[in-house]
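J.: What follows is target_19.txt, compact mmCIF, C-alpha atoms.
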# COMPACT_ATOMS: atom_id res chain seq x y z
CA MET A 277 -18.08 73.26 -57.77
CA ALA A 278 -19.39 74.08 -61.21
CA ARG A 279 -20.55 72.79 -64.59
CA TYR A 280 -17.83 73.20 -67.19
CA GLY A 281 -18.19 73.07 -70.95
CA ILE A 282 -15.07 71.26 -72.18
CA LEU A 283 -13.94 71.95 -75.75
CA GLY A 284 -10.87 70.98 -77.73
CA ASP A 285 -9.30 70.90 -81.18
CA ILE A 286 -11.20 73.88 -82.58
CA HIS A 287 -8.61 74.41 -85.32
CA GLY A 288 -9.81 77.80 -86.52
CA ASN A 289 -13.31 76.49 -87.34
CA ARG A 290 -15.59 79.42 -86.49
CA GLU A 291 -18.81 77.73 -87.61
CA ALA A 292 -18.19 74.66 -85.46
CA LEU A 293 -17.13 76.73 -82.46
CA LEU A 294 -20.25 78.90 -82.55
CA ALA A 295 -22.44 75.79 -82.86
CA ALA A 296 -20.67 74.15 -79.91
CA LEU A 297 -21.00 77.26 -77.76
CA ALA A 298 -24.71 77.52 -78.58
CA LEU A 299 -25.17 73.93 -77.42
CA LEU A 300 -23.23 74.62 -74.22
CA ASP A 301 -25.49 77.61 -73.58
CA GLN A 302 -28.47 75.29 -73.86
CA HIS A 303 -26.85 73.02 -71.27
CA GLY A 304 -26.39 76.00 -68.95
CA VAL A 305 -22.69 75.59 -68.17
CA ASP A 306 -21.00 77.93 -65.71
CA ARG A 307 -17.63 78.14 -67.43
CA ILE A 308 -15.86 77.07 -70.60
CA ALA A 309 -12.50 75.30 -70.75
CA CYS A 310 -10.46 74.41 -73.83
CA VAL A 311 -7.80 71.68 -74.02
CA GLY A 312 -5.91 73.37 -76.84
CA ASP A 313 -5.53 73.61 -80.61
CA LEU A 314 -7.53 76.78 -81.01
CA VAL A 315 -5.95 77.27 -84.45
CA GLY A 316 -4.81 75.22 -87.44
CA TYR A 317 -6.48 73.60 -90.48
CA ASN A 318 -9.17 76.27 -91.01
CA ALA A 319 -9.48 79.90 -92.05
CA ASP A 320 -10.69 81.69 -88.89
CA PRO A 321 -7.95 81.39 -86.25
CA ASP A 322 -8.19 85.00 -85.07
CA ALA A 323 -11.97 84.88 -84.81
CA CYS A 324 -11.93 81.64 -82.80
CA VAL A 325 -9.39 83.00 -80.33
CA GLN A 326 -11.38 86.22 -79.95
CA ILE A 327 -14.64 84.35 -79.38
CA LEU A 328 -13.12 82.21 -76.63
CA ARG A 329 -11.50 85.24 -74.99
CA GLU A 330 -14.82 87.09 -74.98
CA ARG A 331 -16.43 84.10 -73.30
CA GLY A 332 -13.74 84.07 -70.59
CA ALA A 333 -12.67 80.53 -71.48
CA VAL A 334 -9.84 78.82 -69.64
CA SER A 335 -7.49 77.66 -72.40
CA ILE A 336 -4.18 75.85 -72.72
CA ALA A 337 -1.79 75.56 -75.65
CA GLY A 338 -2.06 72.68 -78.08
CA ASN A 339 0.61 71.64 -80.55
CA HIS A 340 -1.09 73.57 -83.38
CA ASP A 341 -1.08 76.72 -81.25
CA LEU A 342 2.64 76.27 -80.63
CA ILE A 343 3.48 75.43 -84.25
CA GLY A 344 1.20 78.15 -85.60
CA THR A 345 3.09 80.77 -83.60
CA GLY A 346 6.56 79.44 -84.38
CA MET A 347 7.21 78.03 -80.90
CA LEU A 348 7.34 74.45 -82.20
CA GLY A 349 8.52 73.08 -85.52
CA PHE A 350 6.97 70.91 -88.21
CA ASP A 351 8.97 67.77 -87.35
CA ARG A 352 5.98 65.68 -86.29
CA CYS A 353 3.37 67.24 -88.60
CA SER A 354 1.59 65.56 -91.45
CA ASN A 355 1.83 67.35 -94.79
CA LYS A 356 -1.78 68.47 -94.41
CA ALA A 357 -1.14 69.96 -90.98
CA MET A 358 2.13 71.59 -92.02
CA HIS A 359 0.53 73.23 -95.04
CA SER A 360 -2.35 74.72 -93.06
CA LEU A 361 -0.06 75.83 -90.23
CA LYS A 362 2.19 77.69 -92.65
CA ARG A 363 -0.95 79.54 -93.71
CA THR A 364 -1.90 80.10 -90.08
CA ARG A 365 1.50 81.61 -89.28
CA ARG A 366 1.04 84.20 -92.00
CA HIS A 367 -2.61 84.99 -91.22
CA LEU A 368 -2.48 85.43 -87.45
CA GLN A 369 -2.82 88.95 -86.11
CA PRO A 370 -0.04 90.04 -83.72
CA ALA A 371 -2.44 90.17 -80.76
CA THR A 372 -3.60 86.62 -81.45
CA THR A 373 -0.03 85.38 -81.72
CA ALA A 374 0.87 87.03 -78.41
CA TYR A 375 -2.15 85.48 -76.70
CA LEU A 376 -1.42 81.98 -78.01
CA ARG A 377 2.24 82.21 -77.04
CA ALA A 378 1.25 83.11 -73.49
CA LEU A 379 -1.07 80.13 -73.01
CA PRO A 380 0.08 77.63 -70.36
CA SER A 381 0.82 74.00 -71.17
CA HIS A 382 -1.51 72.84 -68.38
CA GLU A 383 -4.28 74.33 -66.29
CA MET A 384 -6.03 73.17 -63.14
CA LEU A 385 -9.79 73.23 -62.56
CA GLU A 386 -10.65 73.24 -58.89
CA GLU A 387 -8.66 70.76 -56.79
CA ARG A 388 -8.77 67.50 -58.73
CA VAL A 389 -8.88 68.27 -62.46
CA LEU A 390 -6.04 68.91 -64.95
CA LEU A 391 -6.24 70.14 -68.53
CA THR A 392 -3.56 68.95 -70.94
CA HIS A 393 -3.49 68.67 -74.71
CA GLY A 394 -1.61 65.53 -75.68
CA GLY A 395 0.38 63.61 -73.09
CA VAL A 396 1.08 65.10 -69.68
CA ARG A 397 4.73 65.64 -70.65
CA ASP A 398 4.46 65.62 -74.45
CA VAL A 399 2.01 67.97 -76.15
CA GLN A 400 2.22 65.95 -79.37
CA GLN A 401 1.69 62.48 -77.87
CA TYR A 402 -1.43 60.63 -78.96
CA MET A 403 -3.09 58.86 -76.04
CA THR A 404 -5.03 56.12 -77.80
CA ARG A 405 -4.10 52.92 -75.96
CA PRO A 406 -3.99 51.72 -72.34
CA ALA A 407 -0.18 51.71 -72.43
CA HIS A 408 -0.18 55.43 -73.21
CA VAL A 409 -2.56 56.08 -70.32
CA LEU A 410 -0.48 54.05 -67.87
CA GLU A 411 2.60 56.05 -68.85
CA ASN A 412 0.75 59.33 -68.40
CA VAL A 413 -1.01 58.48 -65.16
CA ALA A 414 2.48 58.02 -63.68
CA TYR A 415 3.38 61.51 -64.91
CA LEU A 416 0.09 62.84 -63.55
CA ARG A 417 0.80 61.43 -60.10
CA SER A 418 4.36 62.73 -60.13
CA ASP A 419 3.89 66.18 -61.67
CA PHE A 420 0.38 67.05 -60.48
CA PRO A 421 -0.29 65.13 -57.25
CA GLY A 422 -3.93 65.05 -56.21
CA ARG A 423 -5.25 65.51 -59.75
CA ARG A 424 -7.38 62.49 -60.55
CA ILE A 425 -9.21 63.63 -63.69
CA CYS A 426 -7.28 64.70 -66.76
CA PHE A 427 -9.08 66.21 -69.74
CA PHE A 428 -7.02 65.93 -72.92
CA GLY A 429 -7.37 66.48 -76.66
CA HIS A 430 -5.25 65.85 -79.76
CA THR A 431 -6.83 62.53 -80.82
CA HIS A 432 -10.17 64.04 -81.94
CA GLU A 433 -12.12 61.19 -80.31
CA GLN A 434 -14.57 61.23 -77.42
CA ARG A 435 -13.19 58.70 -74.94
CA VAL A 436 -12.96 57.94 -71.23
CA PHE A 437 -10.07 55.86 -69.87
CA GLU A 438 -10.54 54.69 -66.29
CA VAL A 439 -7.47 53.81 -64.21
CA ASP A 440 -7.76 51.51 -61.20
CA GLY A 441 -4.25 50.96 -59.84
CA ASP A 442 -2.32 49.68 -62.85
CA ARG A 443 -5.38 48.57 -64.81
CA VAL A 444 -6.79 50.72 -67.62
CA THR A 445 -10.27 50.16 -69.08
CA GLU A 446 -12.86 52.01 -71.14
CA PRO A 447 -16.02 51.10 -69.23
CA PHE A 448 -18.21 53.70 -70.97
CA ALA A 449 -17.16 53.03 -74.56
CA GLY A 450 -20.61 51.80 -75.56
CA GLN A 451 -22.36 54.92 -74.28
CA ILE A 452 -20.20 57.76 -75.54
CA GLY A 453 -21.40 57.72 -79.17
CA GLU A 454 -24.92 58.62 -78.07
CA ALA A 455 -25.77 62.32 -77.97
CA GLY A 456 -26.33 63.39 -74.37
CA ALA A 457 -24.69 60.30 -72.88
CA ILE A 458 -23.76 60.82 -69.22
CA VAL A 459 -21.05 58.81 -67.50
CA GLN A 460 -20.52 58.64 -63.76
CA LEU A 461 -16.95 58.90 -62.50
CA SER A 462 -15.79 57.23 -59.30
CA PRO A 463 -13.99 59.42 -56.72
CA GLY A 464 -11.58 56.56 -55.96
CA ARG A 465 -10.25 56.15 -59.52
CA GLU A 466 -8.34 58.21 -62.06
CA TYR A 467 -9.60 59.24 -65.47
CA PHE A 468 -8.34 60.51 -68.79
CA VAL A 469 -11.24 62.10 -70.66
CA ASN A 470 -11.28 63.42 -74.22
CA PRO A 471 -14.26 65.69 -75.09
CA GLY A 472 -13.78 65.08 -78.82
CA SER A 473 -13.02 67.68 -81.45
CA VAL A 474 -15.01 70.80 -82.19
CA ASP A 475 -13.57 70.77 -85.71
CA ALA A 476 -14.64 67.81 -87.83
CA SER A 477 -12.81 68.74 -91.04
CA ARG A 478 -10.55 65.68 -90.75
CA LYS A 479 -13.44 63.29 -90.16
CA ARG A 480 -15.23 61.39 -92.90
CA ALA A 481 -18.00 59.72 -90.91
CA HIS A 482 -19.78 62.86 -89.74
CA LYS A 483 -19.38 66.62 -89.55
CA LEU A 484 -20.37 67.32 -85.98
CA ALA A 485 -18.87 69.63 -83.38
CA GLU A 486 -18.14 67.47 -80.31
CA LEU A 487 -17.93 68.57 -76.68
CA ALA A 488 -18.37 67.47 -73.08
CA ILE A 489 -19.98 68.91 -69.96
CA PHE A 490 -18.21 68.17 -66.68
CA ASP A 491 -20.16 68.54 -63.42
CA SER A 492 -17.54 68.74 -60.70
CA ALA A 493 -20.10 68.35 -57.89
CA ALA A 494 -21.81 65.26 -59.31
CA LEU A 495 -18.59 63.89 -60.89
CA THR A 496 -20.32 63.28 -64.20
CA VAL A 497 -19.27 63.86 -67.80
CA GLN A 498 -21.94 64.35 -70.42
CA PHE A 499 -20.90 63.96 -74.06
CA ASP A 500 -22.73 65.72 -76.84
CA HIS A 501 -22.36 66.90 -80.44
CA THR A 502 -24.07 69.23 -82.88
CA PRO A 503 -24.03 69.86 -86.66
CA TYR A 504 -22.51 73.01 -88.12
CA ASP A 505 -22.18 74.64 -91.54
CA ASP A 506 -19.32 72.48 -92.83
CA ALA A 507 -19.75 73.69 -96.41
CA ARG A 508 -19.05 77.26 -95.33
CA THR A 509 -16.01 76.17 -93.32
CA GLU A 510 -14.60 74.19 -96.23
CA GLY A 511 -15.30 76.96 -98.71
CA LYS A 512 -13.38 79.50 -96.66
CA ALA A 513 -10.52 77.07 -96.02
CA ALA A 514 -10.17 76.30 -99.72
CA ALA A 515 -10.37 79.96 -100.73
CA GLY A 516 -7.77 80.88 -98.13
CA GLY A 517 -5.32 78.22 -99.27
CA PHE A 518 -5.58 76.11 -96.11
CA ARG A 519 -6.29 72.91 -98.04
CA ILE A 520 -3.41 71.02 -99.63
CA ASP A 521 -3.67 69.68 -103.18
CA ARG A 522 -2.16 66.34 -104.17
CA TRP A 523 0.72 67.91 -106.11
CA ARG A 524 1.88 70.02 -103.16
CA ASP A 525 1.44 66.97 -100.94
CA ARG A 526 3.88 65.09 -103.17
CA LEU A 527 6.22 68.08 -103.22
CA TYR A 528 6.30 68.09 -99.42
CA ASP A 529 7.12 64.39 -99.43
CA PHE A 530 10.03 65.08 -101.76
CA GLU A 531 11.24 68.02 -99.67
CA ARG A 532 11.07 65.99 -96.47
CA ARG A 533 13.29 63.32 -98.00
CA LEU A 534 15.64 65.88 -99.51
CA ILE A 535 16.10 68.45 -96.73
CA GLY A 536 14.09 67.21 -93.73
CA PRO A 537 11.17 68.88 -91.91
CA ARG A 538 13.39 71.12 -89.74
CA GLN A 539 14.74 72.87 -92.84
CA MET A 540 11.21 73.38 -94.19
CA GLU A 541 10.31 75.92 -91.48
CA ASP A 542 10.59 78.95 -93.75
CA ARG A 543 9.55 77.35 -97.03
CA LYS A 544 6.49 78.95 -98.58
CA SER A 545 3.27 76.94 -98.89
CA GLY A 546 2.09 78.69 -102.03
CA PRO A 547 0.85 82.17 -102.89
CA THR A 548 -0.68 84.15 -100.04
Turn this file's structure into structure tokens for me.

T.:
Amino acid sequence: MARYGILGDIHGNREALLAALALLDQHGVDRIACVGDLVGYNADPDACVQILRERGAVSIAGNHDLIGTGMLGFDRCSNKAMHSLKRTRRHLQPATTAYLRALPSHEMLEERVLLTHGGVRDVQQYMTRPAHVLENVAYLRSDFPGRRICFFGHTHEQRVFEVDGDRVTEPFAGQIGEAGAIVQLSPGREYFVNPGSVDASRKRAHKLAELAIFDSAALTVQFDHTPYDDARTEGKAAAGGFRIDRWRDRLYDFERRLIGPRQMEDRKSGPT
């Protein structure tokens, strides 16, 4: 039994990651776990991987980690994601690439908890609706029997789906937006829990690094968030060419229609 700091969707954002880890240190967690997407979108992929490795974090591969290392293609990427991931592919150090390629698709915490990134069987699936959760709880029961709590990422939203038989609800939806909100899980039900995204570069409402603290003895999840130096993150991303301009965005649209995303794998995303 332990208190775990659960992170996800870091996306190469060093400033947000350091802020999130500082907050987890204040909470006094025993171990750190990451539900994937260590890289992508921002300019410090190597640094973020190194920081997590130094902290002994348990990590799994997200779709950006797979695409950023060439193990998955751009087929299901937005133009913005594809552009930044082309940059990521060229910036990653060989040791970082090797580490990311070796990450597992799933990881178990103790005897009842599973880490996944998107869906249980599809790393790029967005679990946003009860129907998605019902589909994936069937996969959870089949592929990982005995695991009743699944932490996932990919959607960049702090959420808790509770499954009781074939009924899916979000009983804690009104609490989760509050910093420090604690929700109590029931040992007789199944849960899909998203800690939110460390990186907030895609969010307009706020620029906060989100996280969760899971107490496996008390069966509680505490949600929290903290500000970070977003201006510094954005400045480095822009200087490094990780941000797409509207003309290249239109060019990608044209290329997708002309040759398709599979044939865009080796196309350059601008000067290095």

J.: Using all atoms listed in the file for the distances, tell me which of A:Gly517, A:Ser473, A:Ser462, A:Val409 is nearest to Ala494 (chain A).

T.: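 Counting all atoms listed in the file, the residue closest to Ala494 (chain A) is A:Ser462.
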
J.: Distance table requested - region 304-357 of chain A against region 384-389 of chain A, cut-off 12 Å, all atoms listed in the file: one row per qualifying residue with the closest atom pair and its distance in Å to one decimal, ordered by chain and rising residue number, as a Markdown table.

T.:
| residue | atom | partner | partner_atom | distance |
| --- | --- | --- | --- | --- |
| A:Arg307 | CA | A:Leu385 | CA | 10.5 |
| A:Ile308 | CA | A:Leu385 | CA | 10.8 |
| A:Ala309 | CA | A:Leu385 | CA | 8.9 |
| A:Cys310 | CA | A:Leu385 | CA | 11.4 |
| A:Val311 | CA | A:Met384 | CA | 11.1 |
| A:Ala333 | CA | A:Leu385 | CA | 11.9 |
| A:Val334 | CA | A:Leu385 | CA | 9.0 |
| A:Ser335 | CA | A:Met384 | CA | 10.4 |
| A:Ile336 | CA | A:Met384 | CA | 10.1 |

J.: Counting all atoms listed in the file, give me one row per residue of region 451-541 of chain A with an atom at most 12 Å from an atom of region 281-294 of chain A, showing the shortest contact pair and its distance in Å to one decimal, sorted by chain then residue number, as CSV.

T.:
residue,atom,partner,partner_atom,distance
A:Val469,CA,A:Ile282,CA,10.0
A:Asn470,CA,A:Gly284,CA,8.3
A:Pro471,CA,A:Leu283,CA,6.3
A:Gly472,CA,A:Gly284,CA,6.7
A:Ser473,CA,A:Asp285,CA,4.9
A:Val474,CA,A:Ile286,CA,4.9
A:Asp475,CA,A:Ile286,CA,5.0
A:Ala476,CA,A:Ala292,CA,8.1
A:Ser477,CA,A:Asn289,CA,8.6
A:Arg478,CA,A:His287,CA,10.5
A:Lys483,CA,A:Ala292,CA,9.1
A:Leu484,CA,A:Ala292,CA,7.7
A:Ala485,CA,A:Ala292,CA,5.5
A:Glu486,CA,A:Leu283,CA,7.6
A:Leu487,CA,A:Leu283,CA,5.3
A:Ala488,CA,A:Ile282,CA,5.1
A:Ile489,CA,A:Gly281,CA,4.6
A:Phe490,CA,A:Gly281,CA,6.5
A:Asp491,CA,A:Gly281,CA,9.0
A:Ser492,CA,A:Gly281,CA,11.1
A:Val497,CA,A:Ile282,CA,9.6
A:Gln498,CA,A:Gly281,CA,9.5
A:Phe499,CA,A:Ile282,CA,9.5
A:Asp500,CA,A:Gly281,CA,10.5
A:His501,CA,A:Ala292,CA,10.1
A:Thr502,CA,A:Ala292,CA,8.4
A:Pro503,CA,A:Ala292,CA,7.7
A:Tyr504,CA,A:Ala292,CA,5.3
A:Asp505,CA,A:Glu291,CA,6.0
A:Asp506,CA,A:Glu291,CA,7.4
A:Ala507,CA,A:Glu291,CA,9.7
A:Arg508,CA,A:Glu291,CA,7.7
A:Thr509,CA,A:Glu291,CA,6.5
A:Glu510,CA,A:Asn289,CA,9.3
A:Gly511,CA,A:Asn289,CA,11.6
A:Lys512,CA,A:Asn289,CA,9.8
A:Ala513,CA,A:Asn289,CA,9.1
A:Phe518,CA,A:Gly288,CA,10.6

J.: So the first atom is CA of Glu330 (chain A) and the second is CA of Asp301 (chain A); what is the distance between them in Å, to one decimal place?

T.: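 Taking CA of Glu330 (chain A) as the start and CA of Asp301 (chain A) as the end point, the length is 14.3 Å.
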
J.: Contacts of region 365-374 of chain A at 8 Å or less, counting all atoms listed in the file, minus same-chain residues fewer than 5 places along, as a VMD selection string?

T.: chain A and resid 321 to 322 325 to 326 344 to 346

J.: Counting only C-alpha atoms, which residue out of A:Tyr402, A:Phe448, A:Phe437, A:Phe468 sits closest to Arg424 (chain A)?

T.: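 Smallest distance to Arg424 (chain A) is found for A:Phe468.
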
J.: Which neighbours of Asp521 (chain A) fall inside 12 Å, counting all atoms listed in the file, when residues of the same chain fewer than 2 positions from it are skipped, and could you give them as an mmCIF file with C-alpha atoms, keeping the file's coordinate frame?

T.:
data_model
loop_
_atom_site.group_PDB
_atom_site.id
_atom_site.type_symbol
_atom_site.label_atom_id
_atom_site.label_comp_id
_atom_site.auth_asym_id
_atom_site.auth_seq_id
_atom_site.Cartn_x
_atom_site.Cartn_y
_atom_site.Cartn_z
ATOM 1 C CA ASN A 355 1.830 67.350 -94.790
ATOM 2 C CA LYS A 356 -1.780 68.470 -94.410
ATOM 3 C CA HIS A 359 0.530 73.230 -95.040
ATOM 4 C CA SER A 360 -2.350 74.720 -93.060
ATOM 5 C CA ALA A 514 -10.170 76.300 -99.720
ATOM 6 C CA GLY A 517 -5.320 78.220 -99.270
ATOM 7 C CA PHE A 518 -5.580 76.110 -96.110
ATOM 8 C CA ARG A 519 -6.290 72.910 -98.040
ATOM 9 C CA TRP A 523 0.720 67.910 -106.110
ATOM 10 C CA ARG A 524 1.880 70.020 -103.160
ATOM 11 C CA ASP A 525 1.440 66.970 -100.940
ATOM 12 C CA ARG A 526 3.880 65.090 -103.170
ATOM 13 C CA LEU A 527 6.220 68.080 -103.220
ATOM 14 C CA TYR A 528 6.300 68.090 -99.420
ATOM 15 C CA SER A 545 3.270 76.940 -98.890
ATOM 16 C CA GLY A 546 2.090 78.690 -102.030
#

J.: Please measure the separation of CA of Gln400 (chain A) and CA of Ala337 (chain A), giving the value in Å to one decimal.

T.: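 Between CA of Gln400 (chain A) and CA of Ala337 (chain A) the gap works out to 11.1 Å.
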
J.: Enter the distance from CA of Phe530 (chain A) to CA of Lys362 (chain A), in Å, rounded to one decimal.

T.: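 Pair CA of Phe530 (chain A) / CA of Lys362 (chain A) returns 17.4 Å.
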
J.: Using all atoms listed in the file and a cutoff of 12 Å, can you tell me which residues are near (1.0, 74.0, -82.2) in the file's coordinates, and write them out as a VMD selection string?

T.: chain A and resid 285 287 312 to 317 336 to 353 357 to 358 360 to 362 364 to 365 373 376 to 377 379 381 393 to 394 398 to 400 430

J.: From the set A:Thr431, A:Leu391, A:Leu416, A:Pro380, which residue has the shortest atom-to-atom contact distance to Met403 (chain A), counting all atoms listed in the file?

T.: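 Using all atoms listed in the file, Met403 (chain A) sits closest to A:Thr431.
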
J.: For Arg405 (chain A), which of A:Val444, A:Pro421, A:Leu297, A:Gln434 is the closest residue, counting all atoms listed in the file?

T.: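 Residue with the minimum atom-to-atom distance to Arg405 (chain A): A:Val444.
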
J.: Of the residues A:Gln302, A:Gln460, A:Ser418, A:Ser354, which is the one nearest to Glu438 (chain A), using all atoms listed in the file?

T.: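 Nearest to Glu438 (chain A): A:Gln460.
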
J.: Would you please work out which residue, of A:Leu495, A:Ala407, A:Val436, A:Val396, is nearest to Phe420 (chain A) when using only C-alpha atoms?

T.: A:Val396
